[in-house]
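Some notes on the structure that comes next.
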Amino acid sequence: MVKISKLRIGNVKLENPLCLAPMLGVNCTAFRLMCHNYGAGLVYSPMIHSVGLVKAERNRDVWIDFVKEEKPIAIQIVGNDPKMMVESLPYIEPYADIIDLNFGCPDKDILGQKMGAFFSKHPEQMSKLINAVVSATDKPVTAKIRIGWDSQHLNQANAAKIVEDAGAAAIAIHGRTTKQRYSGNANWDAIKQVKDKVEIPVIGNGDIRTAGDARQMMEKTGCDGVMIGRSAMGNPYLFKRCEALLMKNKRLPDPTTEQKGNELLEFIELYHKIQKKVKFPELKQHAMWFCTGAKAAADKRRAIMRVKDEKKLMAVIRKEFKI
Ligand SMILES: Cc1cc2nc3c(=O)[nH]c(=O)nc-3n(C[C@H](O)[C@H](O)[C@H](O)COP(=O)(O)O)c2cc1C
């Protein structure tokens, strides 16, 4: 049985070790808040480009979309210029409990700018960025990395030590290489090697689909926290299930279709209440994700895909989920 101690990152104490992974295009304010309400101990913002924060005034207003109810939150920035990263801090510090640095994004565009997972090839270069940010803020600074560039070049333990020595308060490790992007299995042995190498808290990430997986990841790797990405999409209830199993040793049942429908309605209500700007395509996308786990999910998704406005979306949801 895994022993869960309360995860502490710098001066930030988490209620539990369950983290919502940073996900661009997914983690809108309402989704983060719902995951928080359903038991996530820490939510991450999507990555925000540090240069964009400093220079793109109009977009800044769109990205800075944080509310106090979702705290504690880790706000993630990506970049490769220490000066720009430091200059971006004043825009996020008022909202962030933790500043997270992205060293794991495998997107072509980001790699082309020598950012994100570019550092999985050049881990020593992370030092100056982490150092600069740590020196410029009182908030705990964390880093999210991958296990290496490709399967021939796994360097996660070395990279984690670099992150620790540069002053980071914790490290999140996605158990895939940059070349793998999001495919194949996450390598939990590699996560264990990181845990064995560093003293700072380690948050394991990759392939947690169930509460049982969360518990197994902690047991197998010894990691201090777990981070859930894709399996949380349309499924904040996963955090309730993980919390029940990890903290109370209780197994919660699979959600019923009616429950999925009600959770979707709860999300839509929250979205309208909290989101700075209502974007129908975003709402519709979340609605499709919430179908996963319901009966005849593919039919439900197809019906939702066809709707063109919110009135029709609500009618389809009520019909499809029989609520
Ligand atoms: C749609 C999507 C967007 C993502 N955006 C980010 C991001 O902004 N920053 C980041 O560090 N990782 C990002 N990731 C990676 C996730 O945080 C996570 O590391 C990855 O999905 C593996 O976890 P999982 O197996 O639980 O999905 C993203 C992943 C997905 C699927």
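In the structure tokens, the first chain shown is A, the next is B, and so on; residue numbers restart at 1 for each chain, and ligands run from 1 in the order shown.
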Near-ligand residues for ligand 1, threshold 9 Å, only C-alpha atoms and all ligand atoms, as a count of residues only = 50
message = Excluding Ser151 (chain A) and its own-chain neighbours fewer than 5 positions away, which residues fall within 10 Å of it when counting only C-alpha atoms? Please give them as an NGL selection string.
response = :A and (176-180)
key: Selected residue, from A:Lys13, A:Lys250, A:Lys276, A:His153, that lies nearest to Trp63 (chain A) when counting only C-alpha atoms   =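 For Trp63 (chain A), the nearest of the candidates is A:Lys276.
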message = Quick one: residues within 9 Å of region 1-9 of chain A, only C-alpha atoms, excluding same-chain residues fewer than 3 positions away - as a ChimeraX atom specification?
response = /A:12-17,41,98,140-142,169-170,200-201,215-216,218-219,222,224-225,246-247
Can I get the selection written as a CSV table (one decimal), in the first residue's frame, with N, CA, C and O atoms?
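Once everything was written out, this is again-v3.csv:
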chain,number,residue,atom,x,y,z
A,12,VAL,N,4.2,25.9,-0.9
A,12,VAL,CA,2.9,25.6,-1.3
A,12,VAL,C,2.5,24.1,-0.9
A,12,VAL,O,3.2,23.2,-1.3
A,13,LYS,N,1.5,24.0,0.0
A,13,LYS,CA,1.1,22.7,0.5
A,13,LYS,C,-0.1,22.3,-0.3
A,13,LYS,O,-1.1,23.0,-0.3
A,14,LEU,N,0.0,21.1,-0.9
A,14,LEU,CA,-1.2,20.6,-1.7
A,14,LEU,C,-2.0,19.7,-0.8
A,14,LEU,O,-1.5,19.0,0.1
A,15,GLU,N,-3.3,19.7,-1.0
A,15,GLU,CA,-4.3,18.9,-0.3
A,15,GLU,C,-4.1,17.4,-0.6
A,15,GLU,O,-4.3,16.5,0.2
A,16,ASN,N,-3.7,17.2,-1.8
A,16,ASN,CA,-3.4,15.8,-2.2
A,16,ASN,C,-2.4,15.8,-3.4
A,16,ASN,O,-2.1,16.9,-4.0
A,17,PRO,N,-1.8,14.7,-3.8
A,17,PRO,CA,-0.7,14.7,-4.8
A,17,PRO,C,-1.2,14.6,-6.2
A,17,PRO,O,-0.4,14.2,-7.1
A,41,GLY,N,-5.4,18.3,-6.6
A,41,GLY,CA,-4.6,19.1,-5.6
A,41,GLY,C,-3.9,20.2,-6.2
A,41,GLY,O,-3.6,21.2,-5.5
A,98,ILE,N,2.7,28.7,-8.2
A,98,ILE,CA,4.0,28.1,-8.6
A,98,ILE,C,4.2,28.5,-10.1
A,98,ILE,O,3.3,28.6,-10.8
A,140,PRO,N,7.8,29.4,-5.8
A,140,PRO,CA,8.5,28.2,-6.1
A,140,PRO,C,8.5,28.0,-7.7
A,140,PRO,O,7.5,28.3,-8.3
A,141,VAL,N,9.6,27.6,-8.2
A,141,VAL,CA,9.8,27.4,-9.6
A,141,VAL,C,10.0,25.9,-9.9
A,141,VAL,O,10.7,25.3,-9.2
A,142,THR,N,9.2,25.4,-10.8
A,142,THR,CA,9.3,23.9,-11.1
A,142,THR,C,9.5,23.8,-12.6
A,142,THR,O,9.4,24.7,-13.4
A,169,ALA,N,12.0,23.8,-7.3
A,169,ALA,CA,11.4,23.3,-6.1
A,169,ALA,C,10.8,21.9,-6.3
A,169,ALA,O,10.4,21.2,-5.3
A,170,ALA,N,10.5,21.5,-7.5
A,170,ALA,CA,10.0,20.2,-7.9
A,170,ALA,C,10.2,20.0,-9.4
A,170,ALA,O,10.4,20.9,-10.1
A,200,ILE,N,14.3,16.7,-4.5
A,200,ILE,CA,13.1,17.5,-4.6
A,200,ILE,C,11.9,16.6,-5.0
A,200,ILE,O,12.1,15.5,-5.6
A,201,PRO,N,10.7,17.1,-4.7
A,201,PRO,CA,9.5,16.3,-5.1
A,201,PRO,C,9.5,16.0,-6.6
A,201,PRO,O,9.8,16.8,-7.4
A,215,ARG,N,-2.4,5.0,-8.4
A,215,ARG,CA,-1.8,4.3,-7.2
A,215,ARG,C,-0.6,3.5,-7.6
A,215,ARG,O,0.5,3.5,-7.0
A,216,GLN,N,-0.7,2.8,-8.8
A,216,GLN,CA,0.4,2.0,-9.2
A,216,GLN,C,1.6,2.8,-9.6
A,216,GLN,O,2.8,2.4,-9.3
A,218,MET,N,2.5,5.6,-8.2
A,218,MET,CA,3.2,6.0,-7.0
A,218,MET,C,3.9,4.8,-6.4
A,218,MET,O,5.0,5.0,-5.9
A,219,GLU,N,3.3,3.6,-6.4
A,219,GLU,CA,3.9,2.4,-5.9
A,219,GLU,C,5.2,2.1,-6.6
A,219,GLU,O,6.2,1.8,-6.0
A,222,GLY,N,7.7,5.4,-6.8
A,222,GLY,CA,8.0,6.1,-5.5
A,222,GLY,C,7.8,7.6,-5.7
A,222,GLY,O,8.2,8.4,-4.8
A,224,ASP,N,6.3,11.4,-5.8
A,224,ASP,CA,5.6,12.1,-4.7
A,224,ASP,C,4.2,12.6,-5.1
A,224,ASP,O,3.3,12.9,-4.3
A,225,GLY,N,4.0,12.8,-6.4
A,225,GLY,CA,2.8,13.2,-7.0
A,225,GLY,C,2.5,12.6,-8.3
A,225,GLY,O,3.5,12.1,-9.0
A,246,LEU,N,-6.7,6.9,-3.3
A,246,LEU,CA,-5.4,7.2,-2.7
A,246,LEU,C,-5.5,7.7,-1.3
A,246,LEU,O,-4.7,7.3,-0.4
A,247,MET,N,-6.5,8.5,-1.0
A,247,MET,CA,-6.6,9.1,0.3
A,247,MET,C,-7.4,8.3,1.3
A,247,MET,O,-7.3,8.4,2.5
Mind checking which residues fall within 12 Å of Ala297 (chain A), counting only C-alpha atoms, ignoring those fewer than 2 positions away in the same chain, and posting them as a PDB file with N, CA, C and O atoms, in the first residue's frame?
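As written to disk, selection.pdb reads:
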ATOM      1  N   THR A 257     -24.159   6.949 -17.498  1.00  0.00           N
ATOM      2  CA  THR A 257     -24.341   7.892 -18.607  1.00  0.00           C
ATOM      3  C   THR A 257     -25.045   9.157 -18.122  1.00  0.00           C
ATOM      4  O   THR A 257     -24.678  10.269 -18.502  1.00  0.00           O
ATOM      5  N   LYS A 260     -22.565  11.307 -16.450  1.00  0.00           N
ATOM      6  CA  LYS A 260     -21.708  12.007 -17.427  1.00  0.00           C
ATOM      7  C   LYS A 260     -22.441  13.237 -17.970  1.00  0.00           C
ATOM      8  O   LYS A 260     -21.853  14.308 -18.129  1.00  0.00           O
ATOM      9  N   GLY A 261     -23.725  13.044 -18.277  1.00  0.00           N
ATOM     10  CA  GLY A 261     -24.526  14.155 -18.809  1.00  0.00           C
ATOM     11  C   GLY A 261     -24.631  15.294 -17.796  1.00  0.00           C
ATOM     12  O   GLY A 261     -24.484  16.473 -18.150  1.00  0.00           O
ATOM     13  N   ALA A 287     -17.718  19.339 -24.762  1.00  0.00           N
ATOM     14  CA  ALA A 287     -18.928  18.493 -24.718  1.00  0.00           C
ATOM     15  C   ALA A 287     -18.618  17.124 -25.336  1.00  0.00           C
ATOM     16  O   ALA A 287     -19.033  16.088 -24.826  1.00  0.00           O
ATOM     17  N   MET A 288     -17.859  17.124 -26.438  1.00  0.00           N
ATOM     18  CA  MET A 288     -17.514  15.847 -27.086  1.00  0.00           C
ATOM     19  C   MET A 288     -16.632  14.996 -26.175  1.00  0.00           C
ATOM     20  O   MET A 288     -16.795  13.796 -26.090  1.00  0.00           O
ATOM     21  N   TRP A 289     -15.706  15.665 -25.487  1.00  0.00           N
ATOM     22  CA  TRP A 289     -14.834  14.903 -24.570  1.00  0.00           C
ATOM     23  C   TRP A 289     -15.638  14.276 -23.433  1.00  0.00           C
ATOM     24  O   TRP A 289     -15.334  13.171 -22.987  1.00  0.00           O
ATOM     25  N   PHE A 290     -16.674  14.975 -22.969  1.00  0.00           N
ATOM     26  CA  PHE A 290     -17.472  14.448 -21.857  1.00  0.00           C
ATOM     27  C   PHE A 290     -18.254  13.189 -22.255  1.00  0.00           C
ATOM     28  O   PHE A 290     -18.755  12.474 -21.390  1.00  0.00           O
ATOM     29  N   CYS A 291     -18.379  12.921 -23.565  1.00  0.00           N
ATOM     30  CA  CYS A 291     -19.117  11.723 -24.000  1.00  0.00           C
ATOM     31  C   CYS A 291     -18.348  10.448 -23.674  1.00  0.00           C
ATOM     32  O   CYS A 291     -18.950   9.379 -23.543  1.00  0.00           O
ATOM     33  N   THR A 292     -17.020  10.554 -23.582  1.00  0.00           N
ATOM     34  CA  THR A 292     -16.215   9.363 -23.299  1.00  0.00           C
ATOM     35  C   THR A 292     -16.660   8.749 -21.979  1.00  0.00           C
ATOM     36  O   THR A 292     -16.784   9.446 -20.973  1.00  0.00           O
ATOM     37  N   GLY A 293     -16.942   7.460 -22.017  1.00  0.00           N
ATOM     38  CA  GLY A 293     -17.372   6.775 -20.788  1.00  0.00           C
ATOM     39  C   GLY A 293     -18.891   6.643 -20.709  1.00  0.00           C
ATOM     40  O   GLY A 293     -19.405   5.871 -19.908  1.00  0.00           O
ATOM     41  N   ALA A 294     -19.620   7.386 -21.573  1.00  0.00           N
ATOM     42  CA  ALA A 294     -21.090   7.254 -21.603  1.00  0.00           C
ATOM     43  C   ALA A 294     -21.442   6.139 -22.594  1.00  0.00           C
ATOM     44  O   ALA A 294     -20.626   5.769 -23.435  1.00  0.00           O
ATOM     45  N   LYS A 295     -22.681   5.631 -22.486  1.00  0.00           N
ATOM     46  CA  LYS A 295     -23.131   4.613 -23.454  1.00  0.00           C
ATOM     47  C   LYS A 295     -23.244   5.253 -24.832  1.00  0.00           C
ATOM     48  O   LYS A 295     -23.618   6.416 -24.944  1.00  0.00           O
ATOM     49  N   ASP A 299     -22.008   7.838 -31.031  1.00  0.00           N
ATOM     50  CA  ASP A 299     -23.252   8.448 -31.550  1.00  0.00           C
ATOM     51  C   ASP A 299     -23.456   9.829 -30.923  1.00  0.00           C
ATOM     52  O   ASP A 299     -23.849  10.781 -31.589  1.00  0.00           O
ATOM     53  N   LYS A 300     -23.190   9.909 -29.647  1.00  0.00           N
ATOM     54  CA  LYS A 300     -23.376  11.184 -28.945  1.00  0.00           C
ATOM     55  C   LYS A 300     -22.426  12.234 -29.528  1.00  0.00           C
ATOM     56  O   LYS A 300     -22.811  13.367 -29.796  1.00  0.00           O
ATOM     57  N   ARG A 301     -21.174  11.805 -29.738  1.00  0.00           N
ATOM     58  CA  ARG A 301     -20.186  12.752 -30.290  1.00  0.00           C
ATOM     59  C   ARG A 301     -20.602  13.228 -31.676  1.00  0.00           C
ATOM     60  O   ARG A 301     -20.510  14.407 -31.986  1.00  0.00           O
ATOM     61  N   ARG A 302     -21.092  12.289 -32.494  1.00  0.00           N
ATOM     62  CA  ARG A 302     -21.518  12.658 -33.852  1.00  0.00           C
ATOM     63  C   ARG A 302     -22.651  13.681 -33.798  1.00  0.00           C
ATOM     64  O   ARG A 302     -22.655  14.660 -34.544  1.00  0.00           O
ATOM     65  N   ALA A 303     -23.610  13.453 -32.894  1.00  0.00           N
ATOM     66  CA  ALA A 303     -24.756  14.374 -32.786  1.00  0.00           C
ATOM     67  C   ALA A 303     -24.268  15.759 -32.343  1.00  0.00           C
ATOM     68  O   ALA A 303     -24.711  16.784 -32.875  1.00  0.00           O
ATOM     69  N   ILE A 304     -23.339  15.786 -31.414  1.00  0.00           N
ATOM     70  CA  ILE A 304     -22.824  17.075 -30.920  1.00  0.00           C
ATOM     71  C   ILE A 304     -22.027  17.780 -32.019  1.00  0.00           C
ATOM     72  O   ILE A 304     -22.132  18.996 -32.201  1.00  0.00           O
ATOM     73  N   ILE A 317     -27.723  17.528 -25.979  1.00  0.00           N
ATOM     74  CA  ILE A 317     -27.201  16.926 -24.733  1.00  0.00           C
ATOM     75  C   ILE A 317     -28.351  16.310 -23.934  1.00  0.00           C
ATOM     76  O   ILE A 317     -28.278  15.169 -23.486  1.00  0.00           O
ATOM     77  N   GLU A 320     -29.601  13.161 -25.886  1.00  0.00           N
ATOM     78  CA  GLU A 320     -28.622  12.058 -25.938  1.00  0.00           C
ATOM     79  C   GLU A 320     -28.371  11.443 -24.563  1.00  0.00           C
ATOM     80  O   GLU A 320     -28.179  10.248 -24.430  1.00  0.00           O
ATOM     81  N   PHE A 321     -28.316  12.299 -23.541  1.00  0.00           N
ATOM     82  CA  PHE A 321     -28.014  11.792 -22.185  1.00  0.00           C
ATOM     83  C   PHE A 321     -29.295  11.508 -21.385  1.00  0.00           C
ATOM     84  O   PHE A 321     -29.236  11.162 -20.218  1.00  0.00           O
TER      85      PHE A 321
END
key: Pick from A:Asn11, A:Arg251, A:Ala132, A:Phe118, whichever lies nearest to Pro72 (chain A) using only C-alpha atoms   =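 Result for the nearest residue to Pro72 (chain A): A:Asn11.
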request  = May I ask which of the residues A:Ser50, A:Gln285, A:Gln156, A:Asn59 is the closest one to Val133 (chain A), counting only C-alpha atoms?
outcome  = A:Ser50
task = Identify, with DSSP run on backbone atoms, the residues in region 91-298 of chain A assigned to alpha helix (DSSP H), and express the list as an NGL selection string.
result = :A and (91-92 or 108-112 or 126-136 or 156-165 or 188-197 or 211-221 or 237-248 or 257-274 or 280-290 or 297-298)
request  = Could you give me, as a VMD selection string, each residue of region 78-165 of chain A that DSSP assigns to strand (DSSP E or B) when run on this structure's backbone?
outcome  = chain A and resid 78 98 to 103 141 to 146 148 154
I need the chosen residues saved as a PDB file, in the first residue's frame, with N, CA and C atoms.
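In the end it all went to again.pdb:
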ATOM      1  N   VAL A  78       6.896  29.018 -21.403  1.00  0.00           N
ATOM      2  CA  VAL A  78       7.870  28.375 -22.282  1.00  0.00           C
ATOM      3  C   VAL A  78       8.735  29.473 -22.887  1.00  0.00           C
ATOM      4  N   ILE A  98       2.725  28.717  -8.169  1.00  0.00           N
ATOM      5  CA  ILE A  98       3.962  28.070  -8.620  1.00  0.00           C
ATOM      6  C   ILE A  98       4.202  28.518 -10.056  1.00  0.00           C
ATOM      7  N   ILE A  99       5.474  28.754 -10.393  1.00  0.00           N
ATOM      8  CA  ILE A  99       5.809  29.063 -11.794  1.00  0.00           C
ATOM      9  C   ILE A  99       6.459  27.810 -12.379  1.00  0.00           C
ATOM     10  N   ASP A 100       5.862  27.277 -13.429  1.00  0.00           N
ATOM     11  CA  ASP A 100       6.405  26.056 -14.037  1.00  0.00           C
ATOM     12  C   ASP A 100       7.047  26.383 -15.381  1.00  0.00           C
ATOM     13  N   LEU A 101       8.196  25.754 -15.651  1.00  0.00           N
ATOM     14  CA  LEU A 101       8.889  25.987 -16.916  1.00  0.00           C
ATOM     15  C   LEU A 101       8.737  24.758 -17.808  1.00  0.00           C
ATOM     16  N   ASN A 102       8.334  24.997 -19.040  1.00  0.00           N
ATOM     17  CA  ASN A 102       8.094  23.899 -19.980  1.00  0.00           C
ATOM     18  C   ASN A 102       9.381  23.528 -20.716  1.00  0.00           C
ATOM     19  N   PHE A 103       9.847  22.306 -20.450  1.00  0.00           N
ATOM     20  CA  PHE A 103      10.993  21.758 -21.189  1.00  0.00           C
ATOM     21  C   PHE A 103      10.584  20.461 -21.879  1.00  0.00           C
ATOM     22  N   VAL A 141       9.637  27.616  -8.183  1.00  0.00           N
ATOM     23  CA  VAL A 141       9.773  27.398  -9.631  1.00  0.00           C
ATOM     24  C   VAL A 141       9.952  25.898  -9.860  1.00  0.00           C
ATOM     25  N   THR A 142       9.182  25.361 -10.790  1.00  0.00           N
ATOM     26  CA  THR A 142       9.269  23.929 -11.094  1.00  0.00           C
ATOM     27  C   THR A 142       9.538  23.754 -12.586  1.00  0.00           C
ATOM     28  N   ALA A 143       9.882  22.523 -12.976  1.00  0.00           N
ATOM     29  CA  ALA A 143      10.146  22.275 -14.394  1.00  0.00           C
ATOM     30  C   ALA A 143       9.453  20.991 -14.810  1.00  0.00           C
ATOM     31  N   LYS A 144       9.003  20.955 -16.058  1.00  0.00           N
ATOM     32  CA  LYS A 144       8.406  19.725 -16.616  1.00  0.00           C
ATOM     33  C   LYS A 144       9.281  19.277 -17.773  1.00  0.00           C
ATOM     34  N   ILE A 145       9.783  18.049 -17.668  1.00  0.00           N
ATOM     35  CA  ILE A 145      10.708  17.558 -18.695  1.00  0.00           C
ATOM     36  C   ILE A 145      10.220  16.214 -19.253  1.00  0.00           C
ATOM     37  N   ARG A 146      10.868  15.770 -20.310  1.00  0.00           N
ATOM     38  CA  ARG A 146      10.667  14.416 -20.847  1.00  0.00           C
ATOM     39  C   ARG A 146      11.880  13.554 -20.487  1.00  0.00           C
ATOM     40  N   GLY A 148      14.039  12.132 -22.447  1.00  0.00           N
ATOM     41  CA  GLY A 148      15.180  12.226 -23.355  1.00  0.00           C
ATOM     42  C   GLY A 148      14.694  12.552 -24.758  1.00  0.00           C
ATOM     43  N   LEU A 154      18.248   8.343 -23.565  1.00  0.00           N
ATOM     44  CA  LEU A 154      17.501   8.642 -22.331  1.00  0.00           C
ATOM     45  C   LEU A 154      18.454   9.343 -21.363  1.00  0.00           C
TER      46      LEU A 154
END
key: Contacts of Met85 (chain A) within 12 Å, only C-alpha atoms, excl. fewer than 2 positions in-chain, as a PyMOL selection string   = chain A and resi 48-55+76-83+87-92+99-102+115+128-137
Go ahead and save the picked residues with N, CA and C atoms, as a tab-separated table (two decimals), in the first residue's frame.
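As a result, out_10.tsv now contains:
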chain	number	residue	atom	x	y	z
A	48	ILE	N	2.27	29.14	-21.69
A	48	ILE	CA	2.14	30.49	-22.24
A	48	ILE	C	3.53	30.91	-22.70
A	49	HIS	N	3.60	31.43	-23.92
A	49	HIS	CA	4.88	31.84	-24.50
A	49	HIS	C	5.39	33.08	-23.76
A	50	SER	N	6.61	33.01	-23.23
A	50	SER	CA	7.10	34.13	-22.42
A	50	SER	C	7.25	35.40	-23.27
A	51	VAL	N	7.70	35.24	-24.50
A	51	VAL	CA	7.86	36.44	-25.36
A	51	VAL	C	6.49	37.03	-25.66
A	52	GLY	N	5.52	36.15	-25.91
A	52	GLY	CA	4.15	36.61	-26.16
A	52	GLY	C	3.62	37.40	-24.97
A	53	LEU	N	3.87	36.90	-23.78
A	53	LEU	CA	3.38	37.60	-22.58
A	53	LEU	C	3.93	39.02	-22.51
A	54	VAL	N	5.20	39.15	-22.87
A	54	VAL	CA	5.85	40.46	-22.77
A	54	VAL	C	5.38	41.38	-23.90
A	55	LYS	N	5.27	40.81	-25.09
A	55	LYS	CA	5.08	41.69	-26.27
A	55	LYS	C	3.65	41.76	-26.82
A	76	GLN	N	2.37	27.88	-16.32
A	76	GLN	CA	3.53	27.39	-17.07
A	76	GLN	C	3.94	28.35	-18.18
A	77	ILE	N	5.23	28.64	-18.23
A	77	ILE	CA	5.73	29.45	-19.34
A	77	ILE	C	6.76	28.63	-20.14
A	78	VAL	N	6.90	29.02	-21.40
A	78	VAL	CA	7.87	28.38	-22.28
A	78	VAL	C	8.73	29.47	-22.89
A	79	GLY	N	10.01	29.17	-23.09
A	79	GLY	CA	10.90	30.17	-23.68
A	79	GLY	C	12.32	29.68	-23.71
A	80	ASN	N	13.23	30.51	-24.22
A	80	ASN	CA	14.64	30.12	-24.21
A	80	ASN	C	15.56	31.30	-23.90
A	81	ASP	N	14.93	32.46	-23.61
A	81	ASP	CA	15.74	33.64	-23.33
A	81	ASP	C	15.49	34.03	-21.86
A	82	PRO	N	16.50	33.87	-21.01
A	82	PRO	CA	16.30	34.15	-19.59
A	82	PRO	C	15.72	35.54	-19.34
A	83	LYS	N	16.16	36.52	-20.14
A	83	LYS	CA	15.70	37.90	-19.92
A	83	LYS	C	14.19	38.00	-20.17
A	87	GLU	N	11.21	38.82	-17.64
A	87	GLU	CA	10.31	39.96	-17.92
A	87	GLU	C	8.84	39.53	-17.97
A	88	SER	N	8.60	38.26	-18.26
A	88	SER	CA	7.20	37.80	-18.33
A	88	SER	C	6.60	37.55	-16.94
A	89	LEU	N	7.45	37.45	-15.94
A	89	LEU	CA	6.97	37.06	-14.60
A	89	LEU	C	5.92	38.01	-14.00
A	90	PRO	N	6.13	39.32	-14.08
A	90	PRO	CA	5.14	40.21	-13.43
A	90	PRO	C	3.71	40.01	-13.94
A	91	TYR	N	3.56	39.48	-15.15
A	91	TYR	CA	2.20	39.29	-15.69
A	91	TYR	C	1.51	38.09	-15.06
A	92	ILE	N	2.29	37.10	-14.60
A	92	ILE	CA	1.65	35.89	-14.06
A	92	ILE	C	1.78	35.77	-12.54
A	99	ILE	N	5.47	28.75	-10.39
A	99	ILE	CA	5.81	29.06	-11.79
A	99	ILE	C	6.46	27.81	-12.38
A	100	ASP	N	5.86	27.28	-13.43
A	100	ASP	CA	6.41	26.06	-14.04
A	100	ASP	C	7.05	26.38	-15.38
A	101	LEU	N	8.20	25.75	-15.65
A	101	LEU	CA	8.89	25.99	-16.92
A	101	LEU	C	8.74	24.76	-17.81
A	102	ASN	N	8.33	25.00	-19.04
A	102	ASN	CA	8.09	23.90	-19.98
A	102	ASN	C	9.38	23.53	-20.72
A	115	MET	N	12.98	25.72	-28.02
A	115	MET	CA	12.29	25.81	-26.72
A	115	MET	C	11.68	24.45	-26.40
A	128	LYS	N	20.58	27.85	-16.98
A	128	LYS	CA	20.58	29.32	-16.93
A	128	LYS	C	19.15	29.88	-16.91
A	129	LEU	N	18.22	29.17	-17.56
A	129	LEU	CA	16.83	29.63	-17.54
A	129	LEU	C	16.22	29.45	-16.15
A	130	ILE	N	16.42	28.28	-15.58
A	130	ILE	CA	15.85	28.02	-14.25
A	130	ILE	C	16.45	28.99	-13.23
A	131	ASN	N	17.79	29.09	-13.29
A	131	ASN	CA	18.50	30.01	-12.40
A	131	ASN	C	17.94	31.42	-12.45
A	132	ALA	N	17.76	31.91	-13.67
A	132	ALA	CA	17.30	33.29	-13.86
A	132	ALA	C	15.91	33.47	-13.25
A	133	VAL	N	15.02	32.51	-13.50
A	133	VAL	CA	13.65	32.65	-13.01
A	133	VAL	C	13.62	32.51	-11.49
A	134	VAL	N	14.38	31.54	-10.97
A	134	VAL	CA	14.42	31.34	-9.51
A	134	VAL	C	14.91	32.62	-8.82
A	135	SER	N	15.92	33.26	-9.41
A	135	SER	CA	16.49	34.46	-8.79
A	135	SER	C	15.53	35.65	-8.87
A	136	ALA	N	14.57	35.59	-9.81
A	136	ALA	CA	13.72	36.76	-10.04
A	136	ALA	C	12.37	36.69	-9.35
A	137	THR	N	12.06	35.56	-8.70
A	137	THR	CA	10.73	35.44	-8.09
A	137	THR	C	10.81	34.79	-6.71
For Lys220 (chain A), list every protein, DNA or RNA residue within 8 Å, evaluated using only C-alpha atoms, and leave out those in the same chain fewer than 4 positions away; present the list as an mmCIF file with N, CA and C atoms, in the first residue's frame.
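File written: around16.cif
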data_model
loop_
_atom_site.group_PDB
_atom_site.id
_atom_site.type_symbol
_atom_site.label_atom_id
_atom_site.label_comp_id
_atom_site.auth_asym_id
_atom_site.auth_seq_id
_atom_site.Cartn_x
_atom_site.Cartn_y
_atom_site.Cartn_z
ATOM 1 N N TRP A 188 7.744 4.107 -17.020
ATOM 2 C CA TRP A 188 7.676 4.411 -15.590
ATOM 3 C C TRP A 188 8.995 4.081 -14.885
ATOM 4 N N ASP A 189 9.775 3.139 -15.458
ATOM 5 C CA ASP A 189 11.095 2.840 -14.856
ATOM 6 C C ASP A 189 11.970 4.087 -14.908
ATOM 7 N N LYS A 192 11.094 6.318 -12.190
ATOM 8 C CA LYS A 192 11.674 5.853 -10.917
ATOM 9 C C LYS A 192 13.141 6.293 -10.799
ATOM 10 N N GLN A 216 -0.714 2.801 -8.768
ATOM 11 C CA GLN A 216 0.422 1.982 -9.240
ATOM 12 C C GLN A 216 1.642 2.813 -9.589
#
ask   = Contacts of Asp65 (chain A) at 9 Å or less, counting only C-alpha atoms, minus same-chain residues fewer than 3 places along, as a VMD selection string?
value = chain A and resid 28 to 29 61 to 62 275 to 276
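Closest approach to Val202 (chain A) among A:Thr221, A:Gln259, A:Ser127, A:Asn158 is made by A:Thr221 (distances from only C-alpha atoms).
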